[in-house]
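Structure data follow from query_14.cif (mmCIF, C-alpha atoms):
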data_input
#
loop_
_atom_site.label_atom_id
_atom_site.label_comp_id
_atom_site.auth_asym_id
_atom_site.auth_seq_id
_atom_site.Cartn_x
_atom_site.Cartn_y
_atom_site.Cartn_z
CA MET A 1 4.67 58.38 -8.16
CA ASP A 2 6.48 61.03 -6.15
CA GLU A 3 4.63 64.33 -6.53
CA ASN A 4 7.99 65.97 -7.17
CA GLU A 5 8.77 63.73 -10.13
CA ILE A 6 8.37 65.58 -13.38
CA ASN A 7 9.75 65.13 -16.86
CA PRO A 8 12.22 67.84 -17.90
CA GLY A 9 10.18 68.35 -21.07
CA GLU A 10 7.09 69.07 -18.97
CA GLU A 11 9.06 71.43 -16.77
CA LEU A 12 10.41 73.26 -19.80
CA ARG A 13 6.90 73.64 -21.19
CA GLU A 14 5.74 75.15 -17.89
CA VAL A 15 8.63 77.62 -18.05
CA LEU A 16 7.56 78.62 -21.56
CA LYS A 17 4.00 79.14 -20.34
CA GLU A 18 5.30 81.34 -17.56
CA LEU A 19 7.29 83.43 -20.03
CA PHE A 20 4.49 83.57 -22.59
CA PRO A 21 1.17 83.36 -20.69
CA ALA A 22 -2.13 83.18 -22.50
CA ASP A 23 -3.77 86.56 -22.96
CA ILE A 24 -7.17 86.49 -21.27
CA LYS A 25 -8.08 89.68 -23.14
CA ASP A 26 -7.12 88.19 -26.48
CA ASN A 27 -8.77 90.12 -29.30
CA SER A 28 -7.00 88.35 -32.16
CA PHE A 29 -8.61 86.68 -35.16
CA ILE A 30 -8.45 83.40 -33.20
CA SER A 31 -10.74 84.75 -30.48
CA LYS A 32 -13.14 85.99 -33.18
CA ILE A 33 -13.22 82.56 -34.82
CA ASP A 34 -13.65 80.95 -31.40
CA TYR A 35 -16.72 83.13 -30.92
CA ILE A 36 -18.14 82.36 -34.37
CA VAL A 37 -17.83 78.58 -33.90
CA GLN A 38 -19.11 78.83 -30.29
CA ALA A 39 -16.05 77.09 -28.87
CA ASP A 40 -16.22 78.94 -25.52
CA GLY A 41 -12.47 79.47 -25.44
CA GLU A 42 -11.52 75.88 -26.34
CA LEU A 43 -10.16 76.89 -29.75
CA ILE A 44 -8.10 79.68 -28.17
CA ASP A 45 -6.62 77.18 -25.70
CA LEU A 46 -5.88 74.70 -28.49
CA VAL A 47 -4.00 77.24 -30.58
CA TYR A 48 -2.11 78.52 -27.54
CA ASN A 49 -1.05 75.05 -26.36
CA SER A 50 -0.19 73.98 -29.89
CA THR A 51 2.07 77.02 -30.26
CA ILE A 52 3.77 76.35 -26.91
CA ASN A 53 4.34 72.74 -28.02
CA TYR A 54 5.83 73.97 -31.28
CA LEU A 55 8.25 76.19 -29.38
CA LEU A 56 9.12 73.35 -27.01
CA ARG A 57 9.75 70.96 -29.89
CA ARG A 58 11.83 73.53 -31.77
CA LEU A 59 14.04 74.19 -28.73
CA ILE A 60 14.72 70.52 -28.02
CA LEU A 61 15.24 69.38 -31.60
CA THR A 62 17.30 72.40 -32.64
CA ALA A 63 19.51 71.82 -29.59
CA ASP A 64 19.95 68.19 -30.66
CA PHE A 65 20.80 69.43 -34.18
CA LEU A 66 23.46 71.80 -32.82
CA LYS A 67 24.90 69.07 -30.62
CA ARG A 68 25.23 66.67 -33.56
CA GLN A 69 26.91 69.38 -35.63
CA GLY A 70 29.75 69.57 -33.12
CA GLU A 71 30.25 65.87 -32.42
CA LYS A 72 33.68 65.81 -34.09
CA ASP A 73 35.00 68.69 -32.00
CA ASN A 74 37.26 67.69 -29.10
CA ARG A 75 35.70 70.47 -27.05
CA GLN A 76 32.27 69.25 -28.04
CA ASN A 77 30.32 70.03 -24.86
CA ASP A 78 31.74 73.51 -24.26
CA VAL A 79 31.30 74.47 -27.90
CA PHE A 80 27.76 73.11 -27.96
CA ILE A 81 26.66 74.99 -24.83
CA THR A 82 28.13 78.22 -26.24
CA LYS A 83 26.25 77.69 -29.51
CA LEU A 84 23.05 76.82 -27.68
CA ARG A 85 23.15 79.97 -25.56
CA ALA A 86 23.95 82.05 -28.65
CA PHE A 87 21.01 80.47 -30.48
CA LEU A 88 18.63 81.24 -27.61
CA LYS A 89 19.82 84.86 -27.45
CA ASP A 90 20.42 85.80 -31.07
CA ASP A 91 18.08 83.55 -33.06
CA MET A 92 15.24 83.09 -30.58
CA HIS A 93 15.60 86.43 -28.75
CA PHE A 94 15.15 85.07 -25.22
CA GLN A 95 16.14 87.50 -22.50
CA GLU A 96 19.56 86.87 -20.95
CA LYS A 97 18.06 86.31 -17.49
CA HIS A 98 16.04 83.32 -18.76
CA ILE A 99 18.69 81.63 -20.92
CA GLY A 100 20.47 79.83 -18.08
CA ARG A 101 17.33 78.12 -16.79
CA ILE A 102 16.14 77.21 -20.27
CA SER A 103 19.56 75.86 -21.27
CA VAL A 104 19.71 73.57 -18.22
CA LEU A 105 16.28 72.11 -18.97
CA ILE A 106 17.12 71.62 -22.65
CA LEU A 107 20.27 69.70 -21.68
CA GLU A 108 18.18 67.51 -19.36
CA CYS A 109 15.74 66.86 -22.21
CA LEU A 110 18.58 65.80 -24.51
CA ASP A 111 19.83 63.44 -21.83
CA LYS A 112 16.37 61.83 -21.50
CA ARG A 113 16.10 61.49 -25.30
CA LYS A 114 19.10 59.15 -25.24
CA LYS A 115 17.94 56.92 -22.39
CA GLU A 116 15.85 53.95 -23.44
CA VAL A 117 13.81 51.87 -21.01
CA PRO A 118 15.98 49.01 -19.65
CA SER A 119 14.75 45.53 -20.60
CA SER A 120 14.48 44.63 -16.92
CA THR A 121 12.15 47.57 -16.32
CA LYS A 122 9.97 46.61 -19.30
CA ASP A 123 9.78 43.02 -18.05
CA LYS A 124 8.78 44.18 -14.57
CA ILE A 125 6.06 46.51 -15.87
CA ARG A 126 4.66 43.91 -18.30
CA LYS A 127 4.64 41.23 -15.59
CA LYS A 128 2.76 43.44 -13.15
CA ALA A 129 0.31 44.50 -15.85
CA LYS A 130 -0.36 40.88 -16.75
CA ASN A 131 -0.89 39.90 -13.11
CA ASP A 132 -3.27 42.82 -12.65
CA ASN A 133 -4.98 42.10 -15.99
CA LYS A 134 -4.46 45.71 -17.03
CA PRO A 135 -5.83 46.87 -20.39
CA CYS A 136 -4.27 49.48 -22.67
CA TYR A 137 -4.29 52.70 -20.67
CA ILE A 138 -5.25 54.67 -23.78
CA CYS A 139 -8.04 52.75 -25.52
CA GLY A 140 -8.96 50.22 -22.81
CA SER A 141 -8.57 47.17 -25.05
CA GLU A 142 -7.40 43.82 -23.69
CA LEU A 143 -3.66 43.35 -24.14
CA GLU A 144 -1.80 40.45 -25.72
CA PHE A 145 1.08 39.56 -23.38
CA ASP A 146 2.61 36.84 -25.58
CA LEU A 147 5.52 38.74 -27.14
CA LYS A 148 5.88 36.04 -29.80
CA LYS A 149 2.65 37.33 -31.34
CA GLU A 150 4.46 40.44 -32.56
CA ARG A 151 1.94 41.17 -35.32
CA SER A 152 -0.96 41.40 -32.92
CA HIS A 153 -2.64 44.82 -32.99
CA ASN A 154 -3.02 44.76 -29.21
CA LEU A 155 0.44 43.46 -28.32
CA VAL A 156 1.53 44.91 -24.98
CA GLN A 157 4.16 47.64 -25.17
CA VAL A 158 5.68 49.85 -22.51
CA GLU A 159 4.85 53.43 -23.47
CA HIS A 160 6.16 56.83 -22.37
CA LYS A 161 3.21 58.92 -21.21
CA TRP A 162 5.27 62.07 -21.78
CA PRO A 163 7.24 61.35 -25.00
CA ARG A 164 10.92 60.48 -24.55
CA ALA A 165 11.66 62.50 -27.70
CA MET A 166 10.29 65.56 -25.89
CA GLY A 167 12.29 65.08 -22.69
CA GLY A 168 10.29 62.26 -21.11
CA ALA A 169 11.97 60.11 -18.48
CA SER A 170 12.35 56.35 -18.86
CA ASN A 171 11.42 55.90 -15.20
CA ASP A 172 8.42 54.09 -13.75
CA PHE A 173 6.40 57.28 -13.10
CA ASN A 174 6.37 58.06 -16.84
CA LEU A 175 5.74 54.54 -18.11
CA GLU A 176 2.50 52.68 -18.77
CA VAL A 177 1.30 49.68 -20.76
CA ALA A 178 -0.42 50.34 -24.07
CA CYS A 179 -1.40 48.28 -27.09
CA SER A 180 0.97 48.42 -30.04
CA THR A 181 -1.60 50.28 -32.15
CA CYS A 182 -2.07 53.14 -29.68
CA ASN A 183 1.63 53.32 -28.92
CA SER A 184 2.46 53.61 -32.61
CA LYS A 185 -0.22 56.21 -33.41
CA LYS A 186 0.53 58.31 -30.31
CA SER A 187 4.14 58.60 -31.48
CA ASP A 188 5.82 61.62 -29.82
CA TYR A 189 2.66 63.73 -29.58
CA ILE A 190 2.37 65.59 -26.27
CA ASP A 191 -1.34 66.32 -25.87
CA ALA A 192 -4.54 66.91 -27.83
CA SER A 193 -3.30 70.20 -29.26
CA ASP A 194 -0.28 68.39 -30.68
CA PHE A 195 -2.42 66.24 -32.97
CA HIS A 196 -3.89 67.61 -36.20
CA TYR A 197 -7.20 68.47 -34.52
CA GLU A 198 -8.11 70.72 -37.46
CA LYS A 199 -8.44 67.61 -39.66
CA ILE A 200 -11.05 65.99 -37.40
CA CYS A 201 -14.31 66.86 -39.14
CA LEU A 202 -16.35 63.92 -40.37
CA VAL A 203 -18.98 63.85 -43.10
CA SER A 204 -20.56 60.58 -41.96
CA ASP A 205 -22.75 59.96 -38.91
CA GLU A 206 -22.35 57.29 -36.24
CA ASN A 207 -24.75 54.85 -37.89
CA ASP A 208 -23.29 55.27 -41.37
CA GLU A 209 -21.37 52.44 -42.97
CA TYR A 210 -18.08 54.34 -43.18
CA PHE A 211 -18.15 56.10 -39.81
CA SER A 212 -15.73 53.71 -38.11
CA THR A 213 -13.34 54.01 -41.06
CA GLU A 214 -13.52 57.79 -41.14
CA MET A 215 -12.96 57.99 -37.38
CA LYS A 216 -9.29 57.02 -37.61
CA ARG A 217 -7.32 55.85 -34.58
CA GLU A 218 -5.28 59.07 -34.74
CA TYR A 219 -8.54 61.00 -34.38
CA GLU A 220 -9.62 58.84 -31.46
CA LEU A 221 -6.29 59.43 -29.74
CA ALA A 222 -6.60 63.19 -30.17
CA LEU A 223 -10.13 63.17 -28.76
CA TRP A 224 -9.21 60.96 -25.80
CA ALA A 225 -6.14 63.11 -25.15
CA LYS A 226 -8.14 66.33 -24.81
CA ARG A 227 -9.66 64.83 -21.65
CA GLU A 228 -6.32 63.25 -20.66
CA PHE A 229 -7.78 59.79 -21.48
CA LYS A 230 -10.56 60.21 -18.88
CA CYS A 231 -14.34 60.36 -18.87
CA SER A 232 -15.50 63.99 -19.03
CA ILE A 233 -18.05 63.36 -16.26
CA CYS A 234 -16.51 61.04 -13.66
CA GLY A 235 -12.83 61.28 -14.59
CA LYS A 236 -12.38 57.50 -14.84
CA THR A 237 -9.72 56.21 -17.21
CA SER A 238 -10.34 53.45 -19.73
CA SER A 239 -8.46 51.08 -17.39
CA VAL A 240 -11.21 51.57 -14.81
CA GLY A 241 -14.35 52.59 -16.68
CA GLY A 242 -13.91 50.68 -19.92
CA LYS A 243 -13.24 51.98 -23.41
CA LEU A 244 -14.00 55.67 -23.69
CA LYS A 245 -16.88 56.56 -25.99
CA PHE A 246 -17.67 59.61 -28.10
CA ALA A 247 -20.75 61.81 -28.22
CA ARG A 248 -21.60 65.08 -29.94
CA LYS A 249 -22.24 68.09 -27.72
CA ASN A 250 -24.56 69.63 -30.29
CA PRO A 251 -26.57 66.93 -32.14
CA ASN A 252 -27.34 69.41 -34.93
CA ASP A 253 -23.64 69.84 -35.71
CA SER A 254 -21.26 67.36 -37.35
CA TRP A 255 -18.66 65.14 -35.73
CA HIS A 256 -15.70 67.51 -35.37
CA PHE A 257 -13.02 68.03 -32.72
CA LEU A 258 -14.75 70.85 -30.84
CA ASN A 259 -18.16 69.13 -30.91
CA ILE A 260 -17.11 65.75 -29.51
CA ASP A 261 -16.84 64.83 -25.84
CA ILE A 262 -15.61 61.70 -24.07
CA PHE A 263 -17.48 59.30 -21.77
CA CYS A 264 -16.85 56.04 -19.91
CA GLU A 265 -19.06 52.98 -20.44
CA LYS A 266 -21.43 54.00 -17.62
CA HIS A 267 -21.96 57.58 -18.67
CA SER A 268 -22.06 56.74 -22.36
CA LYS A 269 -25.46 55.20 -21.69
CA THR A 270 -26.84 58.65 -20.95
CA SER A 271 -25.37 60.11 -24.13
CA LYS A 272 -25.67 59.30 -27.80
CA THR A 273 -22.32 57.63 -28.38
CA LYS A 274 -20.17 55.99 -30.96
#
Final structure tokens representation of the file:
Amino acid sequence: MDENEINPGEELREVLKELFPADIKDNSFISKIDYIVQADGELIDLVYNSTINYLLRRLILTADFLKRQGEKDNRQNDVFITKLRAFLKDDMHFQEKHIGRISVLILECLDKRKKEVPSSTKDKIRKKAKNDNKPCYICGSELEFDLKKERSHNLVQVEHKWPRAMGGASNDFNLEVACSTCNSKKSDYIDASDFHYEKICLVSDENDEYFSTEMKREYELALWAKREFKCSICGKTSSVGGKLKFARKNPNDSWHFLNIDIFCEKHSKTSKTK
């Protein structure tokens, strides 16, 4: 991957972070709750990133909404751009000096939303993955490469690492093989803060009968995503270090989002894991 290759959605998110940086002296109710639950700033980061993702999603999808509204106009593109700039200025209250840059990136995101992965590209990626015996890059499970077995839970699919719906490119640098289950559950979520992390609080323990049922795949995805699908100690992905495992940071606390960390097969042996 060329180090200069970046998805327009990612670039737009970075622009939003530049315009609205996190406040290191935050004294809001969120920082107070972060202190009470001993999250060491993780909760503050989650809320901040989740809010940035909300703003990103609102910009892209509202722009798509405005574009669709003017599809019957012969001057469609000019009218749309005028409406988009007016929306950014009057409804969102962005400063005039930032509107041009934001508008350009939004247009690039809309362009990427329309572009699906060519069949030839999918075939090439699947073939290479099969030859390399690659597992699902998210959960590490063995992939089923026989496309006729379409009901298989681990059927190989070509997945956008940065969601196409959020301005992700359909180019090789943004594509990876995943099982159909992970691909479906990941949907168009961007990162860990994009999932409903607040729902991840289990009442059962790892040895309980219903633990595996309560720990839904959506929860697993959110937990893996907060470490970018890598072991928290060595940084190995599931493709290299095996399926990522879970362990509680504080054994006296329950299994909840802020109390769970991620480990590869090797380092899971030194932790109490799922």
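The space separating CA of Phe20 in chain A from CA of Lys83 in chain A comes to 23.6 Å.
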Counting all atoms listed in the file, which of A:Glu228, A:Asp191, A:Glu220, A:Glu176 gets nearest to Phe246 in chain A?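 Closest residue, counting all atoms listed in the file: A:Glu220.
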I want to know what sits within 10 Å of range 146-152 of chain A, based on all atoms listed in the file, with residues of the same chain fewer than 2 positions away left out; could you give that as a list of chain:residue names? A:Leu143, A:Glu144, A:Asn154, A:Leu155, A:Val156, A:Gln157, A:Cys179, A:Ser180, A:Thr181
Spell out the residues picked by the PyMOL selection byres ((chain A and resi 198) around 12) here, as JSON, numbers by chain. {"A": [43, 46, 47, 50, 192, 193, 194, 195, 196, 197, 199, 200, 201, 202, 219, 222, 223, 256, 257, 258]}
Nearby residues (all atoms listed in the file) at most 8 Å from range 84-94 of chain A, same-chain spacing under 3 positions excluded, as number ranges by chain: A: 63, 66, 80-81, 98-100, 103
At most 10 Å from (-5.6, 49.0, -21.7), file frame, all atoms listed in the file: which residues, as a short mmCIF file (atom, residue, chain, number, x, y, z; two decimals) with C-alpha atoms, keeping the file's coordinate frame?
data_model
loop_
_atom_site.label_atom_id
_atom_site.label_comp_id
_atom_site.auth_asym_id
_atom_site.auth_seq_id
_atom_site.Cartn_x
_atom_site.Cartn_y
_atom_site.Cartn_z
CA ALA A 129 0.31 44.50 -15.85
CA ASN A 133 -4.98 42.10 -15.99
CA LYS A 134 -4.46 45.71 -17.03
CA PRO A 135 -5.83 46.87 -20.39
CA CYS A 136 -4.27 49.48 -22.67
CA TYR A 137 -4.29 52.70 -20.67
CA ILE A 138 -5.25 54.67 -23.78
CA CYS A 139 -8.04 52.75 -25.52
CA GLY A 140 -8.96 50.22 -22.81
CA SER A 141 -8.57 47.17 -25.05
CA GLU A 142 -7.40 43.82 -23.69
CA LEU A 143 -3.66 43.35 -24.14
CA ASN A 154 -3.02 44.76 -29.21
CA VAL A 156 1.53 44.91 -24.98
CA GLU A 176 2.50 52.68 -18.77
CA VAL A 177 1.30 49.68 -20.76
CA ALA A 178 -0.42 50.34 -24.07
CA CYS A 179 -1.40 48.28 -27.09
CA CYS A 182 -2.07 53.14 -29.68
CA THR A 237 -9.72 56.21 -17.21
CA SER A 238 -10.34 53.45 -19.73
CA SER A 239 -8.46 51.08 -17.39
CA VAL A 240 -11.21 51.57 -14.81
CA GLY A 242 -13.91 50.68 -19.92
CA LYS A 243 -13.24 51.98 -23.41
#
Would you mind telling me which residue in A:Leu105, A:Cys234, A:Ala247, A:Leu16 lies nearest to Asn259 in chain A when using only C-alpha atoms?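 Using only C-alpha atoms, the shortest distance to Asn259 in chain A belongs to A:Ala247.
Those residues positioned at most 9 Å from (9.9, 77.7, -19.3) are A:Glu11, A:Leu12, A:Arg13, A:Glu14, A:Val15, A:Leu16, A:Lys17, A:Glu18, A:Leu19, A:Phe20, A:Leu56, A:His98, A:Arg101, A:Ile102, A:Leu105, judged using only C-alpha atoms.
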Emit the selected residues as a PDB file, keeping the file's coordinate frame, including C-alpha atoms.
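In the end it all went to result_0.pdb:
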ATOM      1  CA  GLU A  11       9.060  71.430 -16.770  1.00  0.00           C
ATOM      2  CA  LEU A  12      10.410  73.260 -19.800  1.00  0.00           C
ATOM      3  CA  ARG A  13       6.900  73.640 -21.190  1.00  0.00           C
ATOM      4  CA  GLU A  14       5.740  75.150 -17.890  1.00  0.00           C
ATOM      5  CA  VAL A  15       8.630  77.620 -18.050  1.00  0.00           C
ATOM      6  CA  LEU A  16       7.560  78.620 -21.560  1.00  0.00           C
ATOM      7  CA  LYS A  17       4.000  79.140 -20.340  1.00  0.00           C
ATOM      8  CA  GLU A  18       5.300  81.340 -17.560  1.00  0.00           C
ATOM      9  CA  LEU A  19       7.290  83.430 -20.030  1.00  0.00           C
ATOM     10  CA  PHE A  20       4.490  83.570 -22.590  1.00  0.00           C
ATOM     11  CA  LEU A  56       9.120  73.350 -27.010  1.00  0.00           C
ATOM     12  CA  HIS A  98      16.040  83.320 -18.760  1.00  0.00           C
ATOM     13  CA  ARG A 101      17.330  78.120 -16.790  1.00  0.00           C
ATOM     14  CA  ILE A 102      16.140  77.210 -20.270  1.00  0.00           C
ATOM     15  CA  LEU A 105      16.280  72.110 -18.970  1.00  0.00           C
TER      16      LEU A 105
END
